[in-house]
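With TSV, C-alpha atoms and all ligand atoms inside, this is entry.tsv:
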```tsv
chain	number	residue	atom	x	y	z
A	1	MET	CA	-1.74	11.53	-20.05
A	2	ILE	CA	0.92	9.21	-18.61
A	3	ASP	CA	4.50	10.00	-19.62
A	4	ILE	CA	5.95	6.56	-20.47
A	5	MET	CA	9.27	7.74	-21.84
A	6	THR	CA	11.07	9.30	-18.91
A	7	ARG	CA	12.38	7.81	-15.72
A	8	ASN	CA	9.98	9.11	-13.16
A	9	MET	CA	11.23	9.29	-9.60
A	10	ASN	CA	8.00	11.00	-8.65
A	11	ARG	CA	5.86	8.00	-9.60
A	12	TYR	CA	4.68	5.39	-7.12
A	13	VAL	CA	2.52	2.27	-7.15
A	14	ILE	CA	0.29	1.40	-4.20
A	15	CYS	CA	-1.67	-1.84	-4.02
A	16	ILE	CA	-4.37	-2.32	-1.41
A	17	THR	CA	-5.17	-5.98	-0.74
A	18	GLY	CA	-7.82	-7.78	1.26
A	19	ALA	CA	-6.42	-7.63	4.77
A	20	SER	CA	-8.10	-5.86	7.64
A	21	GLY	CA	-7.22	-2.18	7.68
A	22	ALA	CA	-7.73	-1.39	4.00
A	23	GLY	CA	-8.32	2.18	5.25
A	24	LEU	CA	-4.63	2.38	6.16
A	25	GLY	CA	-3.74	1.94	2.52
A	26	PHE	CA	-5.95	4.91	1.66
A	27	ARG	CA	-4.35	6.98	4.44
A	28	VAL	CA	-0.95	6.28	2.87
A	29	LEU	CA	-2.36	7.05	-0.59
A	30	LYS	CA	-3.75	10.38	0.60
A	31	GLU	CA	-0.27	11.51	1.60
A	32	MET	CA	1.41	10.09	-1.49
A	33	ILE	CA	-0.97	11.77	-3.91
A	34	LYS	CA	0.16	15.18	-2.64
A	35	GLY	CA	2.72	16.03	-5.29
A	36	HIS	CA	3.25	12.53	-6.72
A	37	GLU	CA	1.92	10.51	-9.62
A	38	VAL	CA	0.33	7.46	-8.00
A	39	HIS	CA	-0.90	4.25	-9.60
A	40	LEU	CA	-3.50	2.47	-7.46
A	41	VAL	CA	-4.58	-1.17	-7.52
A	42	VAL	CA	-7.34	-2.37	-5.18
A	43	SER	CA	-8.12	-6.09	-4.95
A	44	THR	CA	-11.71	-7.34	-5.07
A	45	GLN	CA	-11.48	-8.42	-1.45
A	46	ALA	CA	-10.07	-5.04	-0.40
A	47	PHE	CA	-13.12	-3.33	-1.94
A	48	ASP	CA	-15.34	-5.53	0.27
A	49	ILE	CA	-13.29	-4.92	3.41
A	50	LEU	CA	-13.21	-1.17	2.81
A	51	ARG	CA	-16.99	-1.21	2.47
A	52	HIS	CA	-17.36	-3.29	5.65
A	53	GLU	CA	-14.80	-1.50	7.84
A	54	SER	CA	-15.06	2.09	6.61
A	55	GLY	CA	-18.43	2.29	4.85
A	56	ILE	CA	-16.70	3.43	1.64
A	57	GLU	CA	-17.84	2.07	-1.74
A	58	ILE	CA	-15.32	2.68	-4.52
A	59	SER	CA	-15.58	-0.43	-6.68
A	60	GLY	CA	-15.54	0.82	-10.28
A	61	ALA	CA	-14.91	4.41	-9.17
A	62	THR	CA	-12.98	6.90	-11.29
A	63	PRO	CA	-9.77	8.42	-9.87
A	64	GLU	CA	-11.72	11.61	-9.12
A	65	GLU	CA	-14.36	9.63	-7.22
A	66	VAL	CA	-11.66	7.73	-5.30
A	67	CYS	CA	-10.12	11.06	-4.26
A	68	GLN	CA	-13.47	12.42	-3.13
A	69	LYS	CA	-15.00	9.32	-1.50
A	70	ALA	CA	-12.04	7.45	-0.05
A	71	LEU	CA	-9.56	10.28	0.50
A	72	GLY	CA	-11.64	13.43	0.93
A	73	TYR	CA	-8.89	15.06	-1.15
A	74	THR	CA	-9.14	17.60	-3.96
A	75	GLY	CA	-5.59	19.00	-4.04
A	76	PRO	CA	-2.78	18.54	-6.57
A	77	GLY	CA	-1.48	15.16	-7.66
A	78	GLU	CA	-2.15	12.58	-10.31
A	79	LEU	CA	-4.00	9.33	-9.61
A	80	HIS	CA	-4.41	6.38	-11.97
A	81	CYS	CA	-6.60	3.43	-10.98
A	82	TRP	CA	-5.98	-0.05	-12.41
A	83	ASP	CA	-8.02	-3.23	-12.25
A	84	ASN	CA	-6.19	-5.99	-10.38
A	85	ARG	CA	-6.92	-8.32	-13.33
A	86	ASP	CA	-5.36	-5.94	-15.87
A	87	LEU	CA	-1.99	-7.51	-16.57
A	88	SER	CA	-1.54	-5.19	-19.55
A	89	ALA	CA	-1.43	-2.06	-17.37
A	90	PRO	CA	1.78	0.01	-17.63
A	91	ILE	CA	2.81	-0.93	-14.07
A	92	ALA	CA	2.95	-4.61	-15.13
A	93	SER	CA	6.13	-3.84	-17.09
A	94	GLY	CA	9.62	-3.14	-15.82
A	95	SER	CA	10.04	-0.63	-18.64
A	96	PHE	CA	7.51	1.63	-16.88
A	97	GLU	CA	9.75	3.18	-14.30
A	98	VAL	CA	8.55	3.92	-10.81
A	99	ALA	CA	10.30	5.19	-7.69
A	100	GLY	CA	8.70	2.64	-5.40
A	101	THR	CA	5.91	0.13	-4.90
A	102	LEU	CA	3.87	-0.40	-1.74
A	103	VAL	CA	1.37	-3.10	-0.78
A	104	VAL	CA	-0.61	-1.71	2.17
A	105	PRO	CA	-2.14	-3.68	3.78
A	106	CYS	CA	-0.79	-6.94	2.39
A	107	SER	CA	-2.85	-10.11	2.87
A	108	MET	CA	-1.11	-13.40	3.58
A	109	LYS	CA	-2.35	-14.65	0.21
A	110	SER	CA	-0.77	-11.72	-1.65
A	111	LEU	CA	2.38	-12.08	0.49
A	112	ALA	CA	2.63	-15.76	-0.49
A	113	GLY	CA	2.14	-14.94	-4.16
A	114	ILE	CA	4.85	-12.25	-4.07
A	115	ALA	CA	7.28	-14.51	-2.16
A	116	ALA	CA	6.73	-17.25	-4.75
A	117	GLY	CA	6.95	-14.93	-7.76
A	118	TYR	CA	3.43	-16.06	-8.68
A	119	ALA	CA	2.23	-12.96	-10.51
A	120	ASP	CA	-1.30	-13.89	-11.54
A	121	ASN	CA	-2.76	-10.45	-10.80
A	122	LEU	CA	-1.55	-6.85	-11.17
A	123	THR	CA	-0.57	-6.54	-7.50
A	124	GLY	CA	1.62	-9.64	-7.69
A	125	ARG	CA	3.07	-8.55	-11.00
A	126	ALA	CA	3.85	-4.98	-9.82
A	127	ALA	CA	5.65	-6.41	-6.78
A	128	ASP	CA	7.45	-8.98	-8.94
A	129	VAL	CA	8.59	-6.17	-11.25
A	130	ALA	CA	9.90	-4.14	-8.30
A	131	ILE	CA	11.94	-7.12	-7.09
A	132	LYS	CA	13.36	-8.03	-10.49
A	133	GLU	CA	14.22	-4.40	-11.28
A	134	GLY	CA	15.81	-3.86	-7.87
A	135	ARG	CA	13.40	-1.05	-6.98
A	136	PRO	CA	12.09	-0.18	-3.50
A	137	LEU	CA	9.23	-2.43	-2.41
A	138	LEU	CA	7.38	-2.25	0.89
A	139	LEU	CA	4.82	-4.72	2.19
A	140	ALA	CA	2.60	-4.11	5.22
A	141	PRO	CA	1.52	-7.70	6.06
A	142	ARG	CA	-1.51	-7.88	8.36
A	143	GLU	CA	-2.47	-11.03	10.19
A	144	MET	CA	-2.66	-12.14	13.82
A	145	PRO	CA	-1.00	-14.44	14.72
A	146	PHE	CA	1.54	-15.08	11.98
A	147	SER	CA	2.14	-18.73	11.06
A	148	ALA	CA	5.56	-20.13	10.23
A	149	ILE	CA	4.51	-20.00	6.55
A	150	HIS	CA	3.79	-16.27	6.82
A	151	LEU	CA	7.05	-15.62	8.66
A	152	GLU	CA	9.10	-17.64	6.19
A	153	ASN	CA	7.57	-15.69	3.30
A	154	MET	CA	8.42	-12.40	5.02
A	155	LEU	CA	11.98	-13.52	5.80
A	156	LYS	CA	12.54	-14.64	2.22
A	157	LEU	CA	11.43	-11.24	0.94
A	158	ALA	CA	13.31	-9.25	3.61
A	159	ARG	CA	16.51	-11.02	2.52
A	160	LEU	CA	15.85	-9.73	-1.00
A	161	GLY	CA	15.69	-6.17	0.34
A	162	VAL	CA	11.92	-5.87	0.55
A	163	VAL	CA	10.82	-3.67	3.47
A	164	ILE	CA	8.49	-5.66	5.72
A	165	ALA	CA	6.46	-3.09	7.66
A	166	PRO	CA	3.53	-4.76	9.45
A	167	PRO	CA	1.01	-2.23	10.78
A	168	VAL	CA	1.99	-2.64	14.43
A	169	PRO	CA	0.93	0.47	16.34
A	170	ALA	CA	2.99	2.26	18.98
A	171	LEU	CA	1.27	3.95	21.89
A	172	TYR	CA	3.89	6.50	22.97
A	173	HIS	CA	2.13	9.16	20.89
A	174	GLN	CA	-1.06	8.44	22.90
A	175	PRO	CA	-3.55	7.95	20.04
A	176	LYS	CA	-7.14	8.94	20.81
A	177	SER	CA	-8.79	7.52	17.71
A	178	ILE	CA	-8.41	5.05	14.86
A	179	ASP	CA	-7.57	8.03	12.64
A	180	GLU	CA	-4.62	8.89	14.89
A	181	LEU	CA	-3.49	5.25	14.85
A	182	TYR	CA	-3.70	5.23	11.05
A	183	ASP	CA	-1.76	8.52	10.87
A	184	PHE	CA	1.08	7.02	12.89
A	185	LEU	CA	1.16	3.77	10.91
A	186	ALA	CA	0.89	5.56	7.57
A	187	GLY	CA	3.73	7.89	8.65
A	188	LYS	CA	5.95	4.94	9.50
A	189	VAL	CA	5.23	3.36	6.11
A	190	LEU	CA	6.08	6.64	4.35
A	191	ASP	CA	9.25	7.05	6.45
A	192	ALA	CA	10.37	3.59	5.35
A	193	MET	CA	9.95	4.63	1.70
A	194	GLY	CA	11.64	8.01	2.20
A	195	ILE	CA	8.45	9.94	1.40
A	196	LYS	CA	8.04	13.19	3.33
A	197	HIS	CA	4.94	13.62	5.49
A	198	ASP	CA	3.61	15.51	8.45
A	199	LEU	CA	1.45	12.82	10.00
A	200	PHE	CA	2.87	12.61	13.50
A	201	THR	CA	5.09	14.44	15.92
A	202	ARG	CA	8.48	12.77	16.07
A	203	TRP	CA	9.85	11.44	19.33
A	204	GLY	CA	12.05	14.08	20.90
A	205	ALA	CA	10.45	16.94	18.96
A	206	THR	CA	8.28	18.16	21.85
A	207	GLY	CA	10.39	17.28	24.88
A	208	THR	CA	7.58	15.14	26.35
A	209	PHE	CA	9.96	13.41	28.77
B	301	LIG	C1	-13.35	-9.02	6.76
B	301	LIG	C2	-12.14	-9.75	6.28
B	301	LIG	C3	-10.92	-9.49	6.85
B	301	LIG	C4	-9.76	-10.16	6.44
B	301	LIG	N1	-8.58	-9.85	7.02
B	301	LIG	C5	-7.46	-10.48	6.62
B	301	LIG	C6	-6.20	-10.11	7.20
B	301	LIG	O1	-6.11	-9.24	8.06
B	301	LIG	N2	-5.10	-10.72	6.73
B	301	LIG	C7	-5.14	-11.68	5.74
B	301	LIG	O2	-4.10	-12.18	5.35
B	301	LIG	N3	-6.33	-12.04	5.17
B	301	LIG	C8	-7.48	-11.46	5.59
B	301	LIG	N4	-8.69	-11.81	5.01
B	301	LIG	C9	-8.69	-12.85	3.97
B	301	LIG	C10	-8.26	-12.32	2.59
B	301	LIG	O3	-9.14	-11.28	2.21
B	301	LIG	C11	-8.25	-13.45	1.55
B	301	LIG	O4	-7.19	-14.35	1.84
B	301	LIG	C12	-8.14	-12.96	0.13
B	301	LIG	O5	-7.97	-14.09	-0.72
B	301	LIG	C13	-7.00	-12.00	-0.09
B	301	LIG	O6	-6.95	-11.68	-1.48
B	301	LIG	P1	-6.13	-10.41	-2.03
B	301	LIG	O7	-4.78	-10.48	-1.39
B	301	LIG	O8	-6.08	-10.64	-3.49
B	301	LIG	O9	-6.89	-9.20	-1.64
B	301	LIG	C14	-9.85	-11.15	5.41
B	301	LIG	C15	-11.09	-11.39	4.81
B	301	LIG	C16	-12.21	-10.72	5.25
B	301	LIG	C17	-13.53	-11.01	4.60
```
Show me the file's structure as structure tokens.
Amino acid sequence: MIDIMTRNMNRYVICITGASGAGLGFRVLKEMIKGHEVHLVVSTQAFDILRHESGIEISGATPEEVCQKALGYTGPGELHCWDNRDLSAPIASGSFEVAGTLVVPCSMKSLAGIAAGYADNLTGRAADVAIKEGRPLLLAPREMPFSAIHLENMLKLARLGVVIAPPVPALYHQPKSIDELYDFLAGKVLDAMGIKHDLFTRWGATGTF
């Protein structure tokens, strides 16, 4: 049962849109679900990309199935899954209080919609709500290269206080696999939202140099 009456600083929204690296969104989700109430929105295109890139099929899955299939997670936490077309979902309203909203990864189409305030799906609406309510919002835009349109959209949002965190990997932690790359990127996303995690060793912690 969702508690709709109290301000909930333990409640987050994560939207996974149809950019390459949908698996990164699930890596972030797997950390967030540990001890948080998380509301998940996956776009139609993200379902397809997840199937293509990671071999995971979760279209129409229940929260329990998402945890098992996409996250391999059975621990504590509370997951709610919403259809991207469901503009009546609680997270479509500013009166449903959340601590933060993340769009990871964020397609250029979703970025453009958010920058324009064009909230024709639940992802766009949840982001629009975060901006209008002055709540933390992070976007992880993924494209290569970025056009001037993409960059202008990002700049517009950054000036409104939106965290623009493109999934640009670092190599100083010497990743050996895509999983290790995802761990680093997911950790940086969580850092930017002030969510504790244990996904990578911090620079200076081991005295490497
Ligand atoms: C395999 C695949 C990879 C894609 N990767 C990207 C990407 O990295 N960035 C992007 O902006 N769009 C990408 N697209 C295009 C988006 O999926 C498309 O613009 C879609 O309308 C996004 O809708 P959504 O934001 O509602 O998920 C990709 C499409 C496919 C099929």
Please find the residues contacting ligand LIG 301 (chain B) at a distance of at most 7 Å between atoms, with only C-alpha atoms and all ligand atoms counted, and report them as a PDB file with C-alpha atoms, in the frame of the given file.
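Once everything was written out, this is selection12.pdb:
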```
ATOM      1  CA  THR A  17      -5.170  -5.980  -0.740  1.00  0.00           C
ATOM      2  CA  GLY A  18      -7.820  -7.780   1.260  1.00  0.00           C
ATOM      3  CA  ALA A  19      -6.420  -7.630   4.770  1.00  0.00           C
ATOM      4  CA  SER A  20      -8.100  -5.860   7.640  1.00  0.00           C
ATOM      5  CA  SER A  43      -8.120  -6.090  -4.950  1.00  0.00           C
ATOM      6  CA  THR A  44     -11.710  -7.340  -5.070  1.00  0.00           C
ATOM      7  CA  GLN A  45     -11.480  -8.420  -1.450  1.00  0.00           C
ATOM      8  CA  ALA A  46     -10.070  -5.040  -0.400  1.00  0.00           C
ATOM      9  CA  ILE A  49     -13.290  -4.920   3.410  1.00  0.00           C
ATOM     10  CA  CYS A 106      -0.790  -6.940   2.390  1.00  0.00           C
ATOM     11  CA  SER A 107      -2.850 -10.110   2.870  1.00  0.00           C
ATOM     12  CA  MET A 108      -1.110 -13.400   3.580  1.00  0.00           C
ATOM     13  CA  LYS A 109      -2.350 -14.650   0.210  1.00  0.00           C
ATOM     14  CA  SER A 110      -0.770 -11.720  -1.650  1.00  0.00           C
ATOM     15  CA  ARG A 142      -1.510  -7.880   8.360  1.00  0.00           C
ATOM     16  CA  GLU A 143      -2.470 -11.030  10.190  1.00  0.00           C
TER      17      GLU A 143
END
```
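A straight line drawn from atom CA of A:Glu152 to atom CA of A:Glu53 is 28.9 Å long.
Shown here are all protein and nucleic acid residues lying within 6 Å of (-6.5, 5.8, -5.5), with all atoms listed in the file considered: Leu40, Val66, Leu79 and Cys81 of chain A.
Comparing A:Phe146, A:Phe184, A:Tyr12, A:Phe47 by their smallest distance to A:Gly35, the closest is A:Tyr12 (using all atoms listed in the file).
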- [ ] Could you give me, as a list in words, the residues that have an atom at most 12 Å away from the point (-6.1, 7.5, 13.0) in the coordinates of the file, using only C-alpha atoms?
- [x] Gly21, Gly23, Leu24, Phe26, Arg27, Val28, Pro169, His173, Gln174, Pro175, Lys176, Ser177, Ile178, Asp179, Glu180, Leu181, Tyr182, Asp183, Phe184, Leu185, Ala186, Gly187, Leu199 and Phe200 of chain A
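Minimum distance to A:Ile33 across A:Val189, A:Cys67, A:Ile56, A:Ala170 (counting only C-alpha atoms) occurs at A:Cys67.
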Name all residues at most 7 Å from stretch 83-95 of chain A (count all atoms listed in the file; drop same-chain ones fewer than 4 positions away) and give them as a compact mmCIF listing (two decimals) with C-alpha atoms, in the frame of the given file.
```txt
# COMPACT_ATOMS: atom_id res chain seq x y z
CA VAL A 41 -4.58 -1.17 -7.52
CA VAL A 42 -7.34 -2.37 -5.18
CA SER A 43 -8.12 -6.09 -4.95
CA ASN A 121 -2.76 -10.45 -10.80
CA LEU A 122 -1.55 -6.85 -11.17
CA THR A 123 -0.57 -6.54 -7.50
CA ARG A 125 3.07 -8.55 -11.00
CA ALA A 126 3.85 -4.98 -9.82
CA VAL A 129 8.59 -6.17 -11.25
CA GLU A 133 14.22 -4.40 -11.28
```
Task: Contact residues around A:Val38 with all atoms listed in the file at 9 Å, ignoring same-chain residues under 6 positions, as a PyMOL selection string - done: chain A and resi 10-14+29+32+77-81
- [ ] Could you tell me which of A:Leu50, A:Val103, A:Leu171, A:Glu65 comes closest to A:Ile16 if we count only C-alpha atoms?
- [x] A:Val103
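Of the listed residues (A:Lys69, A:Arg135, A:His52, A:Arg159), A:Arg135 comes nearest to A:Met9; the distances count all atoms listed in the file.
Closest approach to A:Ala165 from the set A:Ala140, A:Tyr73, A:Leu190, A:His150 is made by A:Ala140, with distances taken over all atoms listed in the file.
The coordinates place atom CA of A:Leu102 at 6.2 Å from atom CA of A:Cys15.
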